[in-house]
Amino acid sequence: MACGPEVVVLELDQPLNPEKLQPRLGGVIKIIRLIDTFQKKGKEYPSQVLGPYFTFKKINNDYFTPYTGKKQFGVSIYTLDPALRFREEATRVAFLIKKILQEDALSVRAVIPLFPSQALSSVQVTENQILAKGAEIVVVSGTQRVFIGKTISVQNYEDYGRRDYQRPARDEKAGMIPPKVAQSMINLGGNFKPLDYVLDPFCGSGTILQEATLLGLRVVGSDLDSKAIENSEKNLEWFRNRYHIAIGRYKLFQSDAAEISLQLPKFDIKAIITEGTLGPIYGQVPKKTEMAANFKMLTKLYSQVFKEFAKFLQSGCRVVMCLPAYKLRASEYEYMPSIDFALTSGYTVVDPLPKDIAKKYKFLKITERGSTVYDRKDQVVAREIIIFQYGKLQEELTISNDQLSNNDQVLIGNLELEN
Ligand SMILES: C[S@@+](CC[C@H](N)C(=O)[O-])C[C@H]1O[C@@H](n2cnc3c(N)ncnc32)[C@H](O)[C@@H]1O
């Protein structure tokens with residue numbers, strides 16, 4: 001595999017089904033199939049490497065979708081090395097392609113990324129119908145190799161938006177997790193079978209619950225606040241109708257998470273996926289004393305809660321949770337000082353990525369304690385996402401770091417690390 005700040009290149013044993021996979025991967029914006037690989041001789045730009053490669057036949061046969069109307073295509077460039085910067089390269093490659101096509105009397109329209117980005121957004125790809133009318137040609141450049149391929153699927157941003165903003169009950173005050181983040185957290189919860197049960201004991205308006213039902217799971221949700229349960233009821237009923245989810249896939253009740261075992265039906269809960277309470281929401285960074293008081297309150301609550309979870313979780317089950325992290329500067333956060341509330345109750349932290357990869361690719365921002373951070377630029381309270389496992393120790397994840405061979409089919413996801 002190879003990895004850049006926005007892209008990961010993977011070599012797969014078998015082809016994947018993008019239609020099925022794309023809607024399940026909350027943080028992946030595009031799936032790209034690589035077609036060719038080039039070895040760089042020095043510091044050439046992608047347009048220099050690719051100049052002699054493009055021919056009318058190659059573009060038409062290997063890249064473009066058959067389409068009889070006016071063709072439209074786009075070009076995106078991603079880098080594997082954060083130090084590599086390619087100003088205007090996407091435009092240069094697009095003109096190169098356009099010129100070749102026009103020389104053969106093919107009329108085409110090129111869509112180029114919005115300055116200063118070198119990659120098309122999912123909105124540009126979708127609104128211009130690029131995949132249906134031509135192709136999004138994608139170049140991934142590292143220091144030694146240049147990959148070229150085409151986008152085979154793109155995130156349905158409109159549907160994610162609908163699942164967030166069109167719900168009948170929203171609670172801006174308590175905060176709601178974006179559906180795509182909820183989906184990524186569920187994916188981190190383990191290898192589920194259809195109809196497995198997952199629990200969100202701080203369910204709020206039910207975002208994690210709705211996303212889990214969409215992934216074919218059954219869900220149990222609870223919250224201390226009766227209004228939250230009312231909201232979840234309304235939202236899940238709306239969601240069930242909108243997305244044709246079978247009846248009986250969710251159960252809701254009011255409970256303090258610290259006492260949830262008293263009311264929890266005797267379901268075999270395979271994982272707990274929850275945002276938890278993040279404490280007060282702030283418009284600007286709170287004083288250190290205030291942060292310390294919030295952390296103290298949450299440590300007390302989570303000490304009780306993790307002991308409570310241990311009453312019904314099987315060994316090996318995961319708890320994927322958000323903890324508050326106060327953003328002090330661009331990528332500097334004040335984290336909860338300790339996660340002993342879980343570690344002393346028989347939980348361990350599961351690394352989201354193999355340790356060597358987390359160490360090699362610093363831009364992935366895996367913290368010392370094996371968590372990741374999600375936030376938007378304007379947010380003061382970020383979400384530190386951490387995967388705990390109850391009982392037996394995790395097996396370390398391994399992904400081969402081998403070099404990719406030429407012409408193998410590989411997948412590139414355009415990962416959304418930060419919003
Ligand atoms: C950040 S919100 C969760 C939002 C939810 N993820 C969503 O997208 O709608 C945190 C929730 O935790 C609930 N809560 C706070 N303390 C709790 C406790 N001790 N037990 C159960 N729920 C609690 C709050 O009522 C609130 O609904």
# chains A, B, ... in the order shown; residues from 1 in each chain; ligands from 1
>>> closest_atom_pairs(of="chain A", to="ligand 1", cutoff="8 Å", atoms="only C-alpha atoms and all ligand atoms", output="CSV")
residue,atom,partner,partner_atom_place_in_ligand_line,distance
A:Arg170,CA,ligand 1,9 (O),7.6
A:Asp171,CA,ligand 1,9 (O),7.1
A:Ala174,CA,ligand 1,2 (S),5.0
A:Gly175,CA,ligand 1,1 (C),5.1
A:Met176,CA,ligand 1,8 (O),3.3
A:Ile177,CA,ligand 1,8 (O),4.0
A:Pro178,CA,ligand 1,8 (O),6.9
A:Pro179,CA,ligand 1,8 (O),7.8
A:Ala182,CA,ligand 1,8 (O),7.9
A:Pro201,CA,ligand 1,21 (C),5.8
A:Phe202,CA,ligand 1,12 (O),4.2
A:Cys203,CA,ligand 1,5 (C),4.9
A:Gly204,CA,ligand 1,27 (O),3.4
A:Ser205,CA,ligand 1,9 (O),3.5
A:Gly206,CA,ligand 1,9 (O),4.8
A:Thr207,CA,ligand 1,8 (O),4.3
A:Ile208,CA,ligand 1,6 (N),6.2
A:Ser222,CA,ligand 1,21 (C),6.7
A:Asp223,CA,ligand 1,22 (N),3.9
A:Leu224,CA,ligand 1,21 (C),4.0
A:Asp225,CA,ligand 1,25 (O),4.7
A:Ala228,CA,ligand 1,27 (O),5.5
A:Ser232,CA,ligand 1,9 (O),7.8
A:Gln254,CA,ligand 1,21 (C),8.0
A:Ser255,CA,ligand 1,21 (C),6.0
A:Asp256,CA,ligand 1,20 (N),3.7
A:Ala257,CA,ligand 1,20 (N),3.8
A:Ala258,CA,ligand 1,19 (N),6.0
A:Thr274,CA,ligand 1,6 (N),6.4
A:Glu275,CA,ligand 1,6 (N),4.8
A:Gly276,CA,ligand 1,10 (C),5.2
A:Thr277,CA,ligand 1,10 (C),3.9
A:Leu278,CA,ligand 1,1 (C),5.8
A:Gly279,CA,ligand 1,1 (C),7.9
A:Leu301,CA,ligand 1,19 (N),6.7
>>> residues_around(residues="Met321 in chain A", least_positions_apart="2", cutoff="10 Å", atoms="only C-alpha atoms", output="tab-separated table (two decimals) with N, CA and C atoms, in the first residue's frame")
chain	number	residue	atom	x	y	z
A	185	MET	N	-17.51	5.03	12.34
A	185	MET	CA	-17.36	4.44	13.68
A	185	MET	C	-17.96	3.03	13.73
A	189	GLY	N	-16.27	-0.95	14.46
A	189	GLY	CA	-16.79	-1.73	15.60
A	189	GLY	C	-16.60	-3.23	15.48
A	200	ASP	N	-26.21	1.92	21.28
A	200	ASP	CA	-25.75	3.28	21.53
A	200	ASP	C	-26.44	3.77	22.80
A	272	ILE	N	-20.61	-1.69	21.12
A	272	ILE	CA	-21.21	-0.42	21.53
A	272	ILE	C	-20.57	0.66	20.66
A	273	ILE	N	-21.41	1.39	19.96
A	273	ILE	CA	-20.90	2.48	19.12
A	273	ILE	C	-21.61	3.73	19.64
A	274	THR	N	-20.85	4.67	20.14
A	274	THR	CA	-21.52	5.80	20.78
A	274	THR	C	-20.66	7.07	20.75
A	275	GLU	N	-21.37	8.18	20.68
A	275	GLU	CA	-20.65	9.45	20.75
A	275	GLU	C	-20.39	9.82	22.19
A	276	GLY	N	-21.18	9.30	23.09
A	276	GLY	CA	-21.04	9.69	24.49
A	276	GLY	C	-21.42	11.14	24.66
A	277	THR	N	-21.33	11.61	25.87
A	277	THR	CA	-21.57	13.04	26.05
A	277	THR	C	-20.21	13.74	26.00
A	318	ARG	N	-16.16	-4.73	20.96
A	318	ARG	CA	-15.56	-3.39	20.95
A	318	ARG	C	-16.53	-2.31	21.42
A	319	VAL	N	-15.93	-1.26	21.98
A	319	VAL	CA	-16.68	-0.03	22.30
A	319	VAL	C	-16.00	1.08	21.51
A	323	LEU	N	-14.57	10.99	22.55
A	323	LEU	CA	-14.28	11.76	23.76
A	323	LEU	C	-14.03	13.21	23.33
A	371	SER	N	-5.73	6.86	19.14
A	371	SER	CA	-7.03	7.39	18.74
A	371	SER	C	-6.85	8.29	17.52
A	383	ARG	N	-13.93	15.72	18.18
A	383	ARG	CA	-14.24	14.36	18.64
A	383	ARG	C	-12.98	13.51	18.55
A	384	GLU	N	-12.53	13.03	19.67
A	384	GLU	CA	-11.43	12.05	19.68
A	384	GLU	C	-12.09	10.68	19.60
A	385	ILE	N	-11.82	9.95	18.53
A	385	ILE	CA	-12.49	8.65	18.34
A	385	ILE	C	-11.52	7.54	18.76
A	386	ILE	N	-12.00	6.69	19.64
A	386	ILE	CA	-11.12	5.68	20.20
A	386	ILE	C	-11.84	4.32	20.20
A	387	ILE	N	-11.09	3.28	19.87
A	387	ILE	CA	-11.69	1.93	19.80
A	387	ILE	C	-11.18	1.14	21.00
A	388	PHE	N	-12.08	0.76	21.88
A	388	PHE	CA	-11.71	-0.11	23.01
A	388	PHE	C	-12.18	-1.52	22.70
>>> closest_residue(among="A:Ala292, A:Val349, A:Leu252, A:Val146", to="Lys40 in chain A", atoms="only C-alpha atoms")
A:Val146
>>> residues_around(residues="range 340-345 of chain A", least_positions_apart="6", cutoff="9 Å", atoms="only C-alpha atoms", output="PyMOL selection string")
chain A and resi 299-307+310+388+390
>>> closest_residue(among="A:Asp164, A:Glu211, A:Glu334, A:Glu88", to="Tyr45 in chain A", atoms="only C-alpha atoms")
A:Glu88
>>> residues_around(residues="Gln124 in chain A", least_positions_apart="3", cutoff="9 Å", atoms="only C-alpha atoms", output="ChimeraX atom specification")
/A:74,111-113,120-121,127-130
>>> write_last_selection(atoms="N, CA and C atoms", output="PDB file, in the first residue's frame")
ATOM      1  N   GLY A  74     -12.904  15.068 -16.484  1.00  0.00           N
ATOM      2  CA  GLY A  74     -12.237  15.887 -15.490  1.00  0.00           C
ATOM      3  C   GLY A  74     -10.903  15.273 -15.144  1.00  0.00           C
ATOM      4  N   VAL A 111     -13.452  19.534 -17.200  1.00  0.00           N
ATOM      5  CA  VAL A 111     -13.776  20.150 -15.906  1.00  0.00           C
ATOM      6  C   VAL A 111     -12.509  20.105 -15.069  1.00  0.00           C
ATOM      7  N   ILE A 112     -12.116  21.259 -14.566  1.00  0.00           N
ATOM      8  CA  ILE A 112     -10.871  21.266 -13.787  1.00  0.00           C
ATOM      9  C   ILE A 112     -11.145  21.672 -12.334  1.00  0.00           C
ATOM     10  N   PRO A 113     -10.273  21.249 -11.424  1.00  0.00           N
ATOM     11  CA  PRO A 113     -10.520  21.538 -10.004  1.00  0.00           C
ATOM     12  C   PRO A 113     -10.552  23.032  -9.714  1.00  0.00           C
ATOM     13  N   LEU A 120     -10.904  17.306  -8.172  1.00  0.00           N
ATOM     14  CA  LEU A 120     -12.317  17.660  -8.294  1.00  0.00           C
ATOM     15  C   LEU A 120     -13.064  17.224  -7.044  1.00  0.00           C
ATOM     16  N   SER A 121     -14.035  18.007  -6.616  1.00  0.00           N
ATOM     17  CA  SER A 121     -14.860  17.613  -5.471  1.00  0.00           C
ATOM     18  C   SER A 121     -15.913  16.623  -5.954  1.00  0.00           C
ATOM     19  N   GLU A 127     -22.285  16.787 -10.416  1.00  0.00           N
ATOM     20  CA  GLU A 127     -23.111  17.763 -11.136  1.00  0.00           C
ATOM     21  C   GLU A 127     -22.798  17.819 -12.623  1.00  0.00           C
ATOM     22  N   ASN A 128     -21.548  17.575 -12.977  1.00  0.00           N
ATOM     23  CA  ASN A 128     -21.179  17.601 -14.398  1.00  0.00           C
ATOM     24  C   ASN A 128     -21.370  16.253 -15.084  1.00  0.00           C
ATOM     25  N   GLN A 129     -21.875  15.274 -14.333  1.00  0.00           N
ATOM     26  CA  GLN A 129     -22.117  13.911 -14.865  1.00  0.00           C
ATOM     27  C   GLN A 129     -20.889  13.354 -15.593  1.00  0.00           C
ATOM     28  N   ILE A 130     -19.752  13.600 -14.972  1.00  0.00           N
ATOM     29  CA  ILE A 130     -18.488  13.248 -15.625  1.00  0.00           C
ATOM     30  C   ILE A 130     -18.348  11.732 -15.834  1.00  0.00           C
TER      31      ILE A 130
END
>>> atom_distance(atom1="CA of Leu195 in chain A", atom2="CA of Leu313 in chain A")
17.2 Å
>>> closest_residue(among="A:Met336, A:Ala330, A:Thr79, A:Phe267", to="Lys288 in chain A", atoms="only C-alpha atoms")
A:Met336
>>> select_by_dssp(residues="range 107-201 of chain A", states="strand (DSSP E or B)", output="PyMOL selection string")
chain A and resi 108-111+134-141+145-154+197-200
>>> write_last_selection(atoms="N, CA and C atoms", output="compact mmCIF listing (two decimals), in the first residue's frame")
# COMPACT_ATOMS: atom_id res chain seq x y z
N VAL A 108 -15.00 17.94 -26.80
CA VAL A 108 -15.08 17.56 -25.39
C VAL A 108 -15.06 18.79 -24.50
N ARG A 109 -15.60 18.62 -23.30
CA ARG A 109 -15.53 19.69 -22.30
C ARG A 109 -14.70 19.17 -21.13
N ALA A 110 -13.73 19.96 -20.69
CA ALA A 110 -12.89 19.54 -19.56
C ALA A 110 -13.32 20.28 -18.30
N VAL A 111 -13.45 19.53 -17.20
CA VAL A 111 -13.78 20.15 -15.91
C VAL A 111 -12.51 20.10 -15.07
N GLY A 134 -18.04 10.67 -19.74
CA GLY A 134 -16.62 10.61 -20.12
C GLY A 134 -15.85 9.89 -19.03
N ALA A 135 -15.06 10.63 -18.27
CA ALA A 135 -14.30 10.00 -17.19
C ALA A 135 -13.69 11.05 -16.28
N GLU A 136 -13.48 10.67 -15.03
CA GLU A 136 -12.59 11.48 -14.19
C GLU A 136 -11.25 10.75 -14.22
N ILE A 137 -10.29 11.35 -14.84
CA ILE A 137 -8.96 10.75 -14.95
C ILE A 137 -8.16 11.22 -13.73
N VAL A 138 -7.60 10.25 -13.02
CA VAL A 138 -6.95 10.58 -11.74
C VAL A 138 -5.49 10.20 -11.77
N VAL A 139 -4.67 11.14 -11.39
CA VAL A 139 -3.23 10.91 -11.33
C VAL A 139 -2.82 10.95 -9.87
N VAL A 140 -2.07 9.93 -9.45
CA VAL A 140 -1.55 9.92 -8.08
C VAL A 140 -0.04 9.90 -8.19
N SER A 141 0.57 10.95 -7.67
CA SER A 141 2.02 11.04 -7.84
C SER A 141 2.75 10.90 -6.53
N ARG A 145 7.00 7.07 -8.12
CA ARG A 145 6.06 6.51 -9.10
C ARG A 145 4.88 7.45 -9.36
N VAL A 146 4.31 7.30 -10.55
CA VAL A 146 3.07 8.01 -10.88
C VAL A 146 2.05 6.96 -11.28
N PHE A 147 0.91 6.98 -10.61
CA PHE A 147 -0.19 6.07 -10.97
C PHE A 147 -1.23 6.86 -11.74
N ILE A 148 -1.88 6.17 -12.68
CA ILE A 148 -2.99 6.82 -13.37
C ILE A 148 -4.18 5.85 -13.43
N GLY A 149 -5.36 6.40 -13.22
CA GLY A 149 -6.55 5.55 -13.21
C GLY A 149 -7.78 6.39 -13.43
N LYS A 150 -8.95 5.77 -13.22
CA LYS A 150 -10.19 6.53 -13.38
C LYS A 150 -11.14 6.24 -12.22
N THR A 151 -11.93 7.22 -11.90
CA THR A 151 -12.89 7.08 -10.80
C THR A 151 -13.99 6.12 -11.20
N ILE A 152 -14.28 5.15 -10.30
CA ILE A 152 -15.36 4.22 -10.63
C ILE A 152 -16.60 4.46 -9.76
N SER A 153 -16.44 5.19 -8.67
CA SER A 153 -17.64 5.60 -7.93
C SER A 153 -17.32 6.81 -7.07
N VAL A 154 -18.37 7.56 -6.75
CA VAL A 154 -18.19 8.78 -5.98
C VAL A 154 -19.26 8.84 -4.89
N TYR A 197 -26.66 -7.21 16.81
CA TYR A 197 -27.12 -6.07 17.61
C TYR A 197 -25.97 -5.15 17.97
N VAL A 198 -26.17 -3.85 17.79
CA VAL A 198 -25.23 -2.87 18.36
C VAL A 198 -26.02 -1.92 19.26
N LEU A 199 -25.31 -1.36 20.22
CA LEU A 199 -25.94 -0.51 21.23
C LEU A 199 -25.35 0.89 21.19
N ASP A 200 -26.21 1.92 21.28
CA ASP A 200 -25.75 3.28 21.53
C ASP A 200 -26.44 3.77 22.80
>>> select_by_dssp(residues="range 44-163 of chain A", states="alpha helix (DSSP H)", output="PyMOL selection string")
chain A and resi 46-50+56-58+89-103+122-127+130-133+157-163
>>> write_last_selection(atoms="C-alpha atoms", output="mmCIF file, in the first residue's frame")
data_model
loop_
_atom_site.group_PDB
_atom_site.id
_atom_site.type_symbol
_atom_site.label_atom_id
_atom_site.label_comp_id
_atom_site.auth_asym_id
_atom_site.auth_seq_id
_atom_site.Cartn_x
_atom_site.Cartn_y
_atom_site.Cartn_z
ATOM 1 C CA PRO A 46 2.822 14.304 -13.835
ATOM 2 C CA SER A 47 2.167 16.135 -17.138
ATOM 3 C CA GLN A 48 5.781 15.449 -18.197
ATOM 4 C CA VAL A 49 5.560 11.776 -17.250
ATOM 5 C CA LEU A 50 2.168 11.330 -18.912
ATOM 6 C CA PHE A 56 -6.839 9.109 -28.774
ATOM 7 C CA LYS A 57 -7.315 5.324 -28.651
ATOM 8 C CA LYS A 58 -6.031 4.953 -25.087
ATOM 9 C CA GLU A 89 -0.958 20.393 -12.982
ATOM 10 C CA ALA A 90 -4.552 19.169 -13.241
ATOM 11 C CA THR A 91 -5.213 21.936 -15.799
ATOM 12 C CA ARG A 92 -2.056 21.032 -17.739
ATOM 13 C CA VAL A 93 -3.008 17.331 -17.911
ATOM 14 C CA ALA A 94 -6.595 18.223 -18.860
ATOM 15 C CA PHE A 95 -5.402 20.430 -21.765
ATOM 16 C CA LEU A 96 -3.051 17.693 -22.901
ATOM 17 C CA ILE A 97 -5.970 15.264 -23.139
ATOM 18 C CA LYS A 98 -8.326 17.791 -24.687
ATOM 19 C CA LYS A 99 -5.815 18.669 -27.405
ATOM 20 C CA ILE A 100 -5.346 15.007 -28.387
ATOM 21 C CA LEU A 101 -9.093 14.474 -28.574
ATOM 22 C CA GLN A 102 -9.717 17.654 -30.545
ATOM 23 C CA GLU A 103 -7.008 16.760 -33.050
ATOM 24 C CA SER A 122 -17.610 14.998 -5.375
ATOM 25 C CA VAL A 123 -20.036 17.826 -6.203
ATOM 26 C CA GLN A 124 -18.137 18.749 -9.389
ATOM 27 C CA VAL A 125 -17.931 15.115 -10.514
ATOM 28 C CA THR A 126 -21.623 14.508 -9.830
ATOM 29 C CA GLU A 127 -23.111 17.763 -11.136
ATOM 30 C CA ILE A 130 -18.488 13.248 -15.625
ATOM 31 C CA LEU A 131 -18.589 9.496 -14.968
ATOM 32 C CA ALA A 132 -21.547 8.972 -17.325
ATOM 33 C CA LYS A 133 -20.366 11.322 -20.079
ATOM 34 C CA TYR A 157 -23.110 13.572 -0.744
ATOM 35 C CA GLU A 158 -26.757 14.506 -1.303
ATOM 36 C CA ASP A 159 -27.979 11.369 0.414
ATOM 37 C CA TYR A 160 -25.652 11.864 3.397
ATOM 38 C CA GLY A 161 -26.980 15.431 3.610
ATOM 39 C CA ARG A 162 -30.601 14.248 3.533
ATOM 40 C CA ARG A 163 -29.940 11.750 6.316
#
>>> residues_around(residues="Ser331 in chain A", least_positions_apart="4", cutoff="10 Å", atoms="only C-alpha atoms", output="ChimeraX atom specification")
/A:327,365,373,377
>>> residues_around(residues="Arg249 in chain A", least_positions_apart="5", cutoff="7 Å", atoms="only C-alpha atoms", output="PyMOL selection string")
chain A and resi 213+218-219
>>> write_last_selection(atoms="C-alpha atoms", output="short mmCIF file (atom, residue, chain, number, x, y, z; two decimals), in the first residue's frame")
data_model
loop_
_atom_site.label_atom_id
_atom_site.label_comp_id
_atom_site.auth_asym_id
_atom_site.auth_seq_id
_atom_site.Cartn_x
_atom_site.Cartn_y
_atom_site.Cartn_z
CA THR A 213 -29.84 -0.07 10.50
CA ARG A 218 -30.30 -4.29 14.62
CA VAL A 219 -29.89 -1.53 17.16
#
>>> atom_distance(atom1="CA of Tyr326 in chain A", atom2="CA of Val380 in chain A")
5.7 Å
